[in-house]
$ cat final-v3.tsv   # TSV, C-alpha atoms
chain	number	residue	atom	x	y	z
A	1	MET	CA	12.45	123.70	-66.73
A	2	LYS	CA	11.64	127.42	-66.56
A	3	GLY	CA	8.06	126.55	-65.65
A	4	TRP	CA	9.24	124.22	-62.89
A	5	GLY	CA	11.54	126.94	-61.58
A	6	ARG	CA	8.59	129.30	-61.21
A	7	ARG	CA	6.50	126.57	-59.57
A	8	ILE	CA	9.24	125.99	-57.00
A	9	LEU	CA	9.36	129.73	-56.31
A	10	LEU	CA	5.58	129.81	-55.85
A	11	VAL	CA	5.77	126.90	-53.40
A	12	LEU	CA	8.46	128.75	-51.46
A	13	PHE	CA	6.46	131.98	-51.58
A	14	TRP	CA	3.24	130.48	-50.22
A	15	GLY	CA	5.28	128.47	-47.71
A	16	SER	CA	6.80	131.77	-46.53
A	17	VAL	CA	3.29	133.21	-46.19
A	18	GLY	CA	2.48	130.18	-44.03
A	19	ALA	CA	5.60	130.82	-41.91
A	20	LEU	CA	4.53	134.44	-41.46
A	21	LEU	CA	1.10	133.24	-40.39
A	22	ALA	CA	2.76	130.76	-38.00
A	23	GLY	CA	4.54	133.66	-36.30
A	24	GLY	CA	1.19	135.12	-35.29
A	25	ILE	CA	-0.25	131.74	-34.34
A	26	SER	CA	2.77	130.82	-32.20
A	27	LEU	CA	2.48	134.16	-30.41
A	28	ILE	CA	-1.17	133.39	-29.63
A	29	LEU	CA	-0.15	129.91	-28.46
A	30	GLY	CA	2.35	131.35	-25.99
A	31	ALA	CA	5.64	130.65	-27.75
A	32	GLY	CA	7.03	134.04	-26.66
A	33	GLU	CA	10.38	134.98	-28.19
A	34	ALA	CA	10.33	131.89	-30.42
A	35	SER	CA	7.59	133.59	-32.49
A	36	VAL	CA	10.13	136.03	-33.91
A	37	LEU	CA	11.88	133.50	-36.16
A	38	PRO	CA	8.89	132.53	-38.34
A	39	PHE	CA	7.95	136.22	-38.57
A	40	VAL	CA	11.41	137.12	-39.90
A	41	VAL	CA	11.73	134.12	-42.23
A	42	GLY	CA	8.20	134.57	-43.56
A	43	THR	CA	8.58	138.30	-44.12
A	44	ILE	CA	11.90	137.97	-45.95
A	45	GLY	CA	10.75	134.99	-48.01
A	46	ALA	CA	7.42	136.53	-49.04
A	47	SER	CA	8.89	139.95	-49.85
A	48	VAL	CA	11.80	138.56	-51.92
A	49	ILE	CA	10.40	135.44	-53.59
A	50	GLY	CA	6.94	136.85	-54.35
A	51	PRO	CA	8.03	139.62	-56.75
A	52	ILE	CA	10.43	137.26	-58.53
A	53	ALA	CA	7.69	134.67	-59.09
A	54	ALA	CA	5.26	137.38	-60.20
A	55	VAL	CA	7.68	138.75	-62.78
A	56	MET	CA	8.45	135.26	-64.06
A	57	GLY	CA	4.74	134.50	-64.47
A	58	ALA	CA	3.44	137.83	-65.75
A	59	LYS	CA	3.00	138.21	-69.48
A	60	THR	CA	2.75	141.26	-71.68
A	61	VAL	CA	-0.24	141.78	-73.92
A	62	THR	CA	1.64	140.01	-76.69
A	63	GLY	CA	1.90	136.83	-74.59
A	64	SER	CA	5.65	137.09	-73.92
A	65	SER	CA	6.71	136.66	-70.31
A	66	LEU	CA	8.62	139.49	-68.68
A	67	ALA	CA	11.37	137.05	-67.73
A	68	GLU	CA	11.84	136.12	-71.39
A	69	LEU	CA	11.81	139.74	-72.51
A	70	ALA	CA	14.35	140.71	-69.86
A	71	LYS	CA	16.81	138.18	-71.30
A	72	ARG	CA	16.69	139.73	-74.74
A	73	LYS	CA	19.49	142.04	-75.71
A	74	PRO	CA	18.14	145.58	-76.12
A	75	GLY	CA	19.15	146.98	-79.51
A	76	GLU	CA	19.83	143.51	-80.91
A	77	PRO	CA	20.04	143.84	-84.73
A	78	ILE	CA	17.20	142.46	-86.82
A	79	ALA	CA	18.03	140.05	-89.60
A	80	ALA	CA	18.31	141.80	-92.94
A	81	ASP	CA	16.02	139.27	-94.64
A	82	ALA	CA	13.21	139.62	-92.06
A	83	PRO	CA	10.02	140.85	-93.83
A	84	ARG	CA	9.46	144.58	-93.29
A	85	THR	CA	6.15	146.45	-93.31
A	86	ILE	CA	5.16	150.10	-92.90
A	87	ALA	CA	3.25	150.76	-89.67
A	88	ARG	CA	1.80	153.71	-87.78
A	89	ILE	CA	2.10	154.12	-84.02
A	90	GLU	CA	-1.31	154.54	-82.42
A	91	SER	CA	-0.19	154.61	-78.78
A	92	LEU	CA	2.65	153.53	-76.54
A	93	ARG	CA	2.99	153.04	-72.84
A	94	GLU	CA	5.76	152.02	-70.47
A	95	ALA	CA	5.32	148.59	-68.85
A	96	GLY	CA	7.42	149.34	-65.77
A	97	VAL	CA	10.36	147.00	-66.50
A	98	THR	CA	13.89	148.30	-66.97
A	99	VAL	CA	17.06	146.51	-68.06
A	100	GLN	CA	20.53	147.96	-67.46
A	101	ASN	CA	18.92	151.11	-66.05
A	102	PHE	CA	18.10	152.79	-69.37
A	103	HIS	CA	16.36	150.18	-71.55
A	104	HIS	CA	12.63	150.47	-70.79
A	105	LEU	CA	9.94	147.98	-71.79
A	106	PHE	CA	7.17	149.60	-73.85
A	107	GLU	CA	3.87	148.30	-75.15
A	108	ILE	CA	3.42	149.86	-78.60
A	109	ASP	CA	0.09	149.71	-80.44
A	110	VAL	CA	0.68	149.89	-84.20
A	111	THR	CA	-1.44	149.72	-87.33
A	112	ILE	CA	0.38	147.63	-89.90
A	113	PHE	CA	-0.21	148.36	-93.59
A	114	PRO	CA	0.68	145.23	-95.57
A	115	ARG	CA	1.33	145.42	-99.29
A	116	THR	CA	-1.79	143.31	-99.87
A	117	GLY	CA	-4.82	142.93	-97.65
A	118	GLN	CA	-6.41	145.12	-95.01
A	119	PRO	CA	-4.55	147.05	-92.31
A	120	ARG	CA	-4.38	145.24	-88.98
A	121	ARG	CA	-3.79	146.27	-85.38
A	122	GLU	CA	-0.98	144.71	-83.34
A	123	THR	CA	0.68	145.35	-80.00
A	124	VAL	CA	4.46	145.07	-79.79
A	125	SER	CA	6.34	144.48	-76.51
A	126	GLN	CA	9.83	145.84	-76.93
A	127	PHE	CA	12.68	147.39	-74.97
A	128	ILE	CA	13.39	150.94	-76.07
A	129	THR	CA	16.44	153.01	-75.23
A	130	LEU	CA	15.29	156.44	-74.12
A	131	GLY	CA	17.41	158.03	-76.83
A	132	ASP	CA	15.19	156.36	-79.46
A	133	LEU	CA	11.93	157.34	-77.79
A	134	PRO	CA	11.45	160.70	-79.62
A	135	ASN	CA	11.20	158.80	-82.93
A	136	LEU	CA	8.29	156.74	-81.61
A	137	ALA	CA	5.69	159.41	-80.97
A	138	THR	CA	2.01	158.70	-81.52
A	139	GLY	CA	1.20	159.06	-85.23
A	140	ALA	CA	4.79	158.45	-86.37
A	141	PHE	CA	5.38	155.96	-89.19
A	142	VAL	CA	7.89	153.23	-88.49
A	143	MET	CA	9.15	150.06	-90.08
A	144	THR	CA	8.10	146.77	-88.42
A	145	ALA	CA	9.80	143.44	-88.98
A	146	ALA	CA	8.39	139.93	-88.60
A	147	THR	CA	10.87	137.81	-86.60
A	148	ASP	CA	10.75	134.40	-84.97
A	149	LYS	CA	10.01	136.21	-81.69
A	150	GLY	CA	7.07	138.12	-83.13
A	151	THR	CA	6.61	141.56	-84.63
A	152	VAL	CA	9.14	144.20	-83.57
A	153	VAL	CA	9.75	147.82	-84.48
A	154	ASP	CA	12.91	148.27	-86.53
A	155	LEU	CA	14.46	151.23	-84.75
A	156	ARG	CA	17.24	151.60	-87.32
A	157	PRO	CA	15.91	150.59	-90.74
A	158	GLY	CA	18.34	150.53	-93.66
A	159	PRO	CA	18.51	153.34	-96.22
A	160	GLN	CA	16.47	151.26	-98.67
A	161	TRP	CA	13.38	151.94	-96.53
A	162	SER	CA	13.77	155.73	-96.37
A	163	ASP	CA	11.50	156.48	-99.35
A	164	ALA	CA	8.78	154.14	-98.07
A	165	LEU	CA	8.83	155.82	-94.65
A	166	ARG	CA	8.62	159.31	-96.18
A	167	ALA	CA	5.66	158.24	-98.31
A	168	GLY	CA	3.86	156.67	-95.36
A	169	PRO	CA	1.91	159.76	-94.23
A	170	GLU	CA	0.68	160.50	-97.75
A	171	LEU	CA	-0.35	156.90	-98.50
A	172	TYR	CA	-1.75	155.80	-95.16
A	173	GLY	CA	-2.17	158.94	-93.05
A	174	ARG	CA	-5.94	159.16	-93.54
A	175	ILE	CA	-6.68	155.46	-93.02
A	176	PRO	CA	-8.33	154.97	-89.61
A	177	ALA	CA	-6.85	152.49	-87.20
A	178	PRO	CA	-8.65	149.13	-86.95
A	179	ALA	CA	-10.41	148.37	-83.67
A	180	ALA	CA	-8.15	146.84	-81.03
A	181	SER	CA	-8.81	143.21	-80.13
A	182	PRO	CA	-10.17	142.87	-76.56
A	183	GLU	CA	-7.48	141.83	-74.08
A	184	ARG	CA	-7.45	141.50	-70.33
A	185	VAL	CA	-4.88	144.26	-69.79
A	186	THR	CA	-3.84	146.16	-66.70
A	187	PRO	CA	-4.34	149.75	-67.92
A	188	ALA	CA	-1.26	151.23	-66.27
A	189	VAL	CA	1.38	148.72	-67.30
A	190	GLY	CA	-0.06	146.66	-70.15
A	191	ILE	CA	0.45	143.34	-68.33
A	192	ARG	CA	-2.09	140.54	-68.44
A	193	PHE	CA	-2.48	137.25	-66.61
A	194	PRO	CA	-3.96	134.31	-68.48
A	195	GLN	CA	-7.49	133.26	-67.53
A	196	ALA	CA	-7.62	129.88	-65.81
A	197	ARG	CA	-10.41	127.36	-66.31
A	198	PRO	CA	-12.63	126.77	-63.24
A	199	GLY	CA	-11.16	123.32	-62.60
A	200	ARG	CA	-7.62	124.61	-62.90
A	201	ARG	CA	-8.45	127.57	-60.67
A	202	ALA	CA	-9.83	125.26	-57.98
A	203	LEU	CA	-6.71	123.08	-58.19
A	204	ASN	CA	-4.49	126.17	-57.89
A	205	LEU	CA	-6.41	127.36	-54.83
A	206	PHE	CA	-6.07	123.91	-53.24
A	207	LEU	CA	-2.32	123.84	-53.90
A	208	VAL	CA	-1.91	127.37	-52.52
A	209	ALA	CA	-3.82	126.39	-49.37
A	210	LEU	CA	-1.69	123.25	-49.08
A	211	CYS	CA	1.54	125.27	-49.30
A	212	VAL	CA	0.32	127.84	-46.75
A	213	VAL	CA	-0.82	125.16	-44.31
A	214	GLY	CA	2.38	123.16	-44.84
A	215	GLY	CA	4.60	126.21	-44.29
A	216	SER	CA	2.62	127.22	-41.22
A	217	TYR	CA	2.55	123.73	-39.68
A	218	GLY	CA	6.24	123.13	-40.38
A	219	SER	CA	7.16	126.45	-38.77
A	220	LEU	CA	5.00	125.69	-35.74
A	221	LEU	CA	6.64	122.28	-35.36
A	222	TYR	CA	10.03	123.99	-35.40
A	223	VAL	CA	9.00	126.69	-32.92
A	224	PHE	CA	7.50	124.21	-30.44
A	225	ASN	CA	10.14	121.54	-31.18
A	226	GLY	CA	7.70	118.77	-31.95
A	227	ALA	CA	4.06	117.87	-32.37
A	228	ASP	CA	3.58	116.97	-28.69
A	229	ARG	CA	4.34	120.51	-27.47
A	230	LEU	CA	2.33	122.01	-30.30
A	231	ASN	CA	-0.67	119.89	-29.37
A	232	VAL	CA	-0.35	120.92	-25.72
A	233	ALA	CA	-0.09	124.59	-26.69
A	234	VAL	CA	-3.23	124.34	-28.83
A	235	VAL	CA	-5.22	122.45	-26.20
A	236	GLU	CA	-4.13	124.75	-23.35
A	237	THR	CA	-4.81	128.03	-25.15
A	238	PRO	CA	-8.40	128.38	-23.81
A	239	ALA	CA	-7.13	127.54	-20.31
A	240	ARG	CA	-4.41	130.21	-20.57
A	241	TRP	CA	-6.90	132.81	-21.74
A	242	SER	CA	-9.29	131.94	-18.90
A	243	GLY	CA	-6.52	132.04	-16.27
A	244	GLN	CA	-6.50	128.32	-15.47
A	245	VAL	CA	-2.92	127.92	-16.78
A	246	HIS	CA	-0.53	130.69	-15.75
A	247	GLY	CA	2.93	129.59	-16.75
A	248	LEU	CA	5.20	126.68	-17.50
A	249	TRP	CA	5.00	125.56	-13.83
A	250	ASP	CA	1.31	124.56	-14.15
A	251	SER	CA	1.35	123.60	-17.81
A	252	ALA	CA	1.37	120.14	-19.37
A	253	ARG	CA	4.49	121.30	-21.25
A	254	LEU	CA	6.65	121.00	-18.10
A	255	PRO	CA	6.91	117.16	-18.20
A	256	LEU	CA	8.00	117.46	-21.84
A	257	GLU	CA	10.69	119.98	-20.86
A	258	VAL	CA	11.98	117.73	-18.08
A	259	ARG	CA	12.00	114.73	-20.43
A	260	ASP	CA	14.03	116.52	-23.11
A	261	ILE	CA	16.41	118.14	-20.61
A	262	GLU	CA	17.17	114.72	-19.15
A	263	ALA	CA	17.78	113.28	-22.62
A	264	GLN	CA	20.36	116.00	-23.34
A	265	LEU	CA	22.08	116.26	-19.95
A	266	GLY	CA	22.13	112.57	-19.12
A	267	ASP	CA	23.17	111.91	-15.53
A	268	ARG	CA	24.78	115.32	-14.91
A	269	ALA	CA	23.67	116.69	-11.54
A	270	LEU	CA	21.77	119.96	-11.18
A	271	GLN	CA	22.61	122.63	-8.62
A	272	HIS	CA	19.32	124.40	-9.26
A	273	MET	CA	16.40	124.51	-11.65
A	274	ILE	CA	14.27	127.65	-12.01
A	275	VAL	CA	10.97	127.39	-13.89
A	276	PHE	CA	9.83	130.72	-15.36
A	277	GLY	CA	6.68	131.49	-17.29
A	278	ASP	CA	7.90	130.22	-20.67
A	279	PHE	CA	11.43	128.86	-20.14
A	280	VAL	CA	13.64	127.01	-17.66
A	281	SER	CA	17.01	128.08	-16.24
A	282	LEU	CA	19.43	125.37	-15.14
A	283	GLY	CA	22.56	125.36	-13.05
A	284	VAL	CA	24.36	122.14	-14.06
A	285	HIS	CA	27.54	120.73	-12.55
A	286	SER	CA	30.37	120.91	-15.06
A	287	GLU	CA	31.67	117.74	-16.67
A	288	SER	CA	35.29	118.95	-16.63
A	289	ASP	CA	35.48	121.16	-13.53
A	290	PRO	CA	34.58	119.50	-10.19
A	291	ILE	CA	33.50	122.82	-8.69
A	292	GLY	CA	32.24	124.43	-11.90
A	293	LEU	CA	28.63	125.26	-12.69
A	294	ASP	CA	27.22	125.82	-16.21
A	295	THR	CA	24.04	127.83	-16.64
A	296	TYR	CA	21.61	126.96	-19.43
A	297	ALA	CA	18.35	128.45	-20.67
A	298	VAL	CA	15.86	125.91	-22.02
A	299	ARG	CA	12.99	126.87	-24.33
A	300	ASN	CA	10.79	124.22	-25.88
A	301	GLY	CA	13.28	121.48	-25.06
A	302	ARG	CA	16.27	123.30	-26.61
A	303	LEU	CA	19.27	123.97	-24.41
A	304	ASP	CA	21.07	127.17	-25.30
A	305	GLU	CA	24.83	127.27	-25.12
A	306	PRO	CA	25.84	127.80	-21.46
A	307	TRP	CA	25.86	131.57	-21.02
A	308	ALA	CA	27.76	131.59	-17.74
A	309	SER	CA	30.18	129.40	-15.82
A	310	THR	CA	30.31	129.98	-12.07
A	311	ARG	CA	31.43	128.15	-8.95
A	312	SER	CA	29.29	125.48	-7.38
A	313	GLU	CA	27.60	126.37	-4.08
A	314	GLY	CA	28.93	123.21	-2.47
A	315	GLU	CA	25.66	121.27	-2.46
A	316	PRO	CA	25.82	117.75	-3.93
A	317	GLY	CA	23.06	118.59	-6.41
A	318	PHE	CA	20.15	116.45	-7.56
A	319	GLN	CA	19.07	114.44	-10.57
A	320	LEU	CA	16.28	115.27	-12.99
A	321	SER	CA	14.65	111.96	-12.09
A	322	GLU	CA	13.91	113.42	-8.64
A	323	ILE	CA	11.70	116.15	-10.14
A	324	ASP	CA	7.96	115.52	-10.20
A	325	PRO	CA	6.29	117.94	-12.67
A	326	ALA	CA	2.84	116.86	-11.44
A	327	LEU	CA	3.82	117.89	-7.90
A	328	ILE	CA	5.00	121.32	-9.10
A	329	ARG	CA	1.65	121.82	-10.85
A	330	GLU	CA	-0.28	120.70	-7.76
A	331	VAL	CA	1.68	123.06	-5.47
A	332	THR	CA	1.27	126.11	-7.71
A	333	GLN	CA	-2.44	125.42	-8.27
A	334	ARG	CA	-2.85	125.18	-4.50
A	335	ILE	CA	-1.26	128.62	-4.10
A	336	TYR	CA	-3.60	130.12	-6.70
A	337	ALA	CA	-6.58	128.59	-4.91
A	338	GLU	CA	-5.48	129.76	-1.46
A	339	THR	CA	-4.38	133.23	-2.58
A	340	PRO	CA	-6.76	134.67	-5.19
A	341	GLY	CA	-4.92	137.11	-7.43
A	342	ALA	CA	-1.50	135.68	-6.63
A	343	GLU	CA	1.14	136.18	-9.33
A	344	ILE	CA	3.87	133.56	-9.31
A	345	SER	CA	7.10	134.77	-10.90
A	346	ASP	CA	9.10	131.53	-10.77
A	347	VAL	CA	9.50	128.15	-9.07
A	348	GLN	CA	12.99	127.17	-7.88
A	349	LEU	CA	14.21	123.66	-7.08
A	350	ARG	CA	17.32	123.22	-4.91
A	351	LYS	CA	18.78	120.68	-2.52
A	352	SER	CA	18.90	121.94	1.04
A	353	GLY	CA	19.98	119.79	3.96
A	354	GLY	CA	19.78	116.70	1.79
A	355	ARG	CA	16.19	117.42	0.81
A	356	LEU	CA	14.85	118.73	-2.53
A	357	GLU	CA	12.88	121.91	-1.92
A	358	LEU	CA	10.44	123.87	-4.09
A	359	THR	CA	10.57	127.62	-3.53
A	360	VAL	CA	7.65	129.47	-5.12
A	361	SER	CA	8.25	133.21	-5.56
A	362	ILE	CA	5.06	135.30	-5.41
A	363	ASP	CA	5.00	138.91	-6.63
A	364	GLY	CA	2.89	141.24	-4.49
A	365	LYS	CA	1.72	144.79	-5.11
A	366	TYR	CA	4.00	146.18	-2.40
A	367	GLN	CA	6.11	143.22	-1.29
A	368	SER	CA	7.21	139.91	-2.80
A	369	THR	CA	7.05	136.72	-0.78
A	370	SER	CA	8.02	133.08	-1.16
A	371	ARG	CA	6.72	129.74	0.08
A	372	VAL	CA	8.83	126.61	0.40
A	373	PHE	CA	7.59	123.05	-0.12
A	374	ASP	CA	9.07	119.58	0.13
A	375	GLY	CA	10.03	118.48	-3.39
A	376	ALA	CA	9.05	114.87	-2.69
A	377	THR	CA	5.75	115.21	-0.80
A	378	GLY	CA	4.51	118.72	-1.55
A	379	GLU	CA	4.15	119.56	2.14
A	380	GLU	CA	4.83	123.20	2.97
A	381	ILE	CA	7.97	123.84	5.02
A	382	PRO	CA	7.44	126.59	7.58
A	383	GLN	CA	9.93	129.45	7.36
A	384	GLY	CA	11.28	131.58	10.18
$ encode --input "final-v3.tsv" --output "structure tokens"
Amino acid sequence: MKGWGRRILLVLFWGSVGALLAGGISLILGAGEASVLPFVVGTIGASVIGPIAAVMGAKTVTGSSLAELAKRKPGEPIAADAPRTIARIESLREAGVTVQNFHHLFEIDVTIFPRTGQPRRETVSQFITLGDLPNLATGAFVMTAATDKGTVVDLRPGPQWSDALRAGPELYGRIPAPAASPERVTPAVGIRFPQARPGRRALNLFLVALCVVGGSYGSLLYVFNGADRLNVAVVETPARWSGQVHGLWDSARLPLEVRDIEAQLGDRALQHMIVFGDFVSLGVHSESDPIGLDTYAVRNGRLDEPWASTRSEGEPGFQLSEIDPALIREVTQRIYAETPGAEISDVQLRKSGGRLELTVSIDGKYQSTSRVFDGATGEEIPQG
């Protein structure tokens, strides 16, 4: 179960990396403000879950995981009947893990002198209270105990071992330490990661890539509110970069916006609809107030909560079914063709004199202008 817990964390971690990657991709694809969410989720997920999964998976040089060691009780008494052996400390180093602020994990290299047989070299992973650290200097003789969790240093041996410890330097002080067994150890912290077989490594890389791609694709689907908008954003990216697509008004995303707005508003009449570069603003007649007007912002088919409620301008309004996205695209493309360098800021749709009109606002270097078109035929309506 512990292994499955770490696997779930790793899936979440690499999925968060994918979400972080999706933030950058969605920004490139023109998602605008919607790119912030995957950035935030991915950053928080990767920065929080990653270290937890790493600690759960990392092992000390003795093969014990840091998560298992952290659950041990520092200073836990050793069974009186556990076999004891004299040992000499050859080196010790801190592994960088602390429990309860003052119990520090140390990797201690010891030479064990058994009663029979040759001395052997072992490495002990153990939490040490800083108050006990002066007794564990290099060259000091200590008592080790063999427990079901491996060899540990007995920090408080009973009085029956006092004579053996005092005799340690005289009996074993001149015996050289055996050569250490080769381990793949990080020099600073004494942590190793098990070597994976080539087949297992390839499988792990495939699963990591799958999690990253899945997290990225899922985040992009959320940002663009569906595969259809995502596909349009991907296909239109070269056109946006080359200046052939300028905003939502001449993008293939506009019909999708109109479709989803109609599905959510039903037959409620619109007072106005303003198409901006990456979102739509709506003035919708209130369901409860005959002269009330609710204002919505729509991004990727999502209607925000109405941020303002004003009075209707008295016009009867119009239905979404009267809007022709293809006509809006044709009108704006005509303006770009007729006026090289034109910068359209928005396209407004309103009923005027019983006729739906398209008002295209054009930003100029010194003065802004607007052109008005018939919303049904696309013919320009002379002004003034």
$ closest_residue --input "final-v3.tsv" --among "A:Asp324, A:Glu338, A:Glu33, A:Glu330" --to "Gly375 (chain A)" --atoms "only C-alpha atoms"
A:Asp324
$ closest_residue --input "final-v3.tsv" --among "A:Ser361, A:Gln271, A:Ser345, A:Gln333" --to "Gln319 (chain A)" --atoms "only C-alpha atoms"
A:Gln271
$ residues_around --input "final-v3.tsv" --residues "Leu210 (chain A)" --least-positions-apart "2" --cutoff "12 Å" --atoms "only C-alpha atoms" --output "PyMOL selection string"
chain A and resi 10-12+14-15+17-18+203-208+212-218
$ write_last_selection --input "final-v3.tsv" --atoms "C-alpha atoms" --output "mmCIF file, in the coordinates of the input"
data_model
loop_
_atom_site.group_PDB
_atom_site.id
_atom_site.type_symbol
_atom_site.label_atom_id
_atom_site.label_comp_id
_atom_site.auth_asym_id
_atom_site.auth_seq_id
_atom_site.Cartn_x
_atom_site.Cartn_y
_atom_site.Cartn_z
ATOM 1 C CA LEU A 10 5.580 129.810 -55.850
ATOM 2 C CA VAL A 11 5.770 126.900 -53.400
ATOM 3 C CA LEU A 12 8.460 128.750 -51.460
ATOM 4 C CA TRP A 14 3.240 130.480 -50.220
ATOM 5 C CA GLY A 15 5.280 128.470 -47.710
ATOM 6 C CA VAL A 17 3.290 133.210 -46.190
ATOM 7 C CA GLY A 18 2.480 130.180 -44.030
ATOM 8 C CA LEU A 203 -6.710 123.080 -58.190
ATOM 9 C CA ASN A 204 -4.490 126.170 -57.890
ATOM 10 C CA LEU A 205 -6.410 127.360 -54.830
ATOM 11 C CA PHE A 206 -6.070 123.910 -53.240
ATOM 12 C CA LEU A 207 -2.320 123.840 -53.900
ATOM 13 C CA VAL A 208 -1.910 127.370 -52.520
ATOM 14 C CA VAL A 212 0.320 127.840 -46.750
ATOM 15 C CA VAL A 213 -0.820 125.160 -44.310
ATOM 16 C CA GLY A 214 2.380 123.160 -44.840
ATOM 17 C CA GLY A 215 4.600 126.210 -44.290
ATOM 18 C CA SER A 216 2.620 127.220 -41.220
ATOM 19 C CA TYR A 217 2.550 123.730 -39.680
ATOM 20 C CA GLY A 218 6.240 123.130 -40.380
#
$ residues_near_point --input "final-v3.tsv" --point "(4.0, 158.8, -94.2)" --cutoff "10 Å" --atoms "all atoms listed in the file" --output "CSV table (one decimal) with C-alpha atoms, in the frame of the given file"
chain,number,residue,atom,x,y,z
A,86,ILE,CA,5.2,150.1,-92.9
A,87,ALA,CA,3.2,150.8,-89.7
A,88,ARG,CA,1.8,153.7,-87.8
A,139,GLY,CA,1.2,159.1,-85.2
A,140,ALA,CA,4.8,158.4,-86.4
A,141,PHE,CA,5.4,156.0,-89.2
A,142,VAL,CA,7.9,153.2,-88.5
A,163,ASP,CA,11.5,156.5,-99.4
A,164,ALA,CA,8.8,154.1,-98.1
A,165,LEU,CA,8.8,155.8,-94.6
A,166,ARG,CA,8.6,159.3,-96.2
A,167,ALA,CA,5.7,158.2,-98.3
A,168,GLY,CA,3.9,156.7,-95.4
A,169,PRO,CA,1.9,159.8,-94.2
A,170,GLU,CA,0.7,160.5,-97.8
A,171,LEU,CA,-0.4,156.9,-98.5
A,172,TYR,CA,-1.8,155.8,-95.2
A,173,GLY,CA,-2.2,158.9,-93.0
A,174,ARG,CA,-5.9,159.2,-93.5
$ atom_distance --input "final-v3.tsv" --atom1 "CA of Gly301 (chain A)" --atom2 "CA of Gly24 (chain A)"
20.9 Å
$ closest_residue --input "final-v3.tsv" --among "A:Ala263, A:Ile274, A:Val298, A:Val223" --to "Gly30 (chain A)" --atoms "only C-alpha atoms"
A:Val223
$ axis_aligned_box --input "final-v3.tsv" --around "region 84-88 of chain A" --padding-each-side "3 Å" --output "lines of an AutoDock Vina configuration file"
center_x = 5.6
center_y = 149.1
center_z = -90.5
size_x = 13.7
size_y = 15.1
size_z = 11.5
$ residues_around --input "final-v3.tsv" --residues "Ala82 (chain A)" --least-positions-apart "4" --cutoff "10 Å" --atoms "only C-alpha atoms" --output "ChimeraX atom specification"
/A:78,144-148
$ residues_around --input "final-v3.tsv" --residues "Ala137 (chain A)" --least-positions-apart "5" --cutoff "12 Å" --atoms "all atoms listed in the file" --output "mmCIF file with C-alpha atoms, keeping the file's coordinate frame"
data_model
loop_
_atom_site.group_PDB
_atom_site.id
_atom_site.type_symbol
_atom_site.label_atom_id
_atom_site.label_comp_id
_atom_site.auth_asym_id
_atom_site.auth_seq_id
_atom_site.Cartn_x
_atom_site.Cartn_y
_atom_site.Cartn_z
ATOM 1 C CA ARG A 88 1.800 153.710 -87.780
ATOM 2 C CA ILE A 89 2.100 154.120 -84.020
ATOM 3 C CA GLU A 90 -1.310 154.540 -82.420
ATOM 4 C CA SER A 91 -0.190 154.610 -78.780
ATOM 5 C CA LEU A 92 2.650 153.530 -76.540
ATOM 6 C CA ARG A 93 2.990 153.040 -72.840
ATOM 7 C CA ILE A 108 3.420 149.860 -78.600
ATOM 8 C CA ASP A 109 0.090 149.710 -80.440
ATOM 9 C CA VAL A 110 0.680 149.890 -84.200
ATOM 10 C CA ASP A 132 15.190 156.360 -79.460
ATOM 11 C CA VAL A 142 7.890 153.230 -88.490
#
$ build_atoms --input "final-v3.tsv" --residues "region 247-254 of chain A" --atoms "N, CA, C and O atoms" --output "compact mmCIF listing (two decimals), in the frame of the given file"
# COMPACT_ATOMS: atom_id res chain seq x y z
N GLY A 247 1.55 129.62 -16.29
CA GLY A 247 2.93 129.59 -16.75
C GLY A 247 3.39 128.17 -16.95
O GLY A 247 2.61 127.21 -16.82
N LEU A 248 4.67 128.02 -17.24
CA LEU A 248 5.20 126.68 -17.50
C LEU A 248 5.06 125.77 -16.28
O LEU A 248 4.94 124.55 -16.42
N TRP A 249 5.05 126.37 -15.06
CA TRP A 249 5.00 125.56 -13.83
C TRP A 249 3.68 124.79 -13.69
O TRP A 249 3.66 123.75 -13.06
N ASP A 250 2.57 125.30 -14.26
CA ASP A 250 1.31 124.56 -14.15
C ASP A 250 0.78 124.17 -15.53
O ASP A 250 -0.42 124.00 -15.72
N SER A 251 1.71 123.99 -16.46
CA SER A 251 1.35 123.60 -17.81
C SER A 251 1.75 122.15 -18.07
O SER A 251 2.71 121.63 -17.48
N ALA A 252 1.02 121.51 -18.97
CA ALA A 252 1.37 120.14 -19.37
C ALA A 252 2.65 120.10 -20.19
O ALA A 252 3.14 119.01 -20.53
N ARG A 253 3.21 121.26 -20.52
CA ARG A 253 4.49 121.30 -21.25
C ARG A 253 5.66 120.99 -20.33
O ARG A 253 6.72 120.58 -20.81
N LEU A 254 5.52 121.19 -19.00
CA LEU A 254 6.65 121.00 -18.10
C LEU A 254 7.19 119.57 -18.13
O LEU A 254 8.42 119.38 -18.18
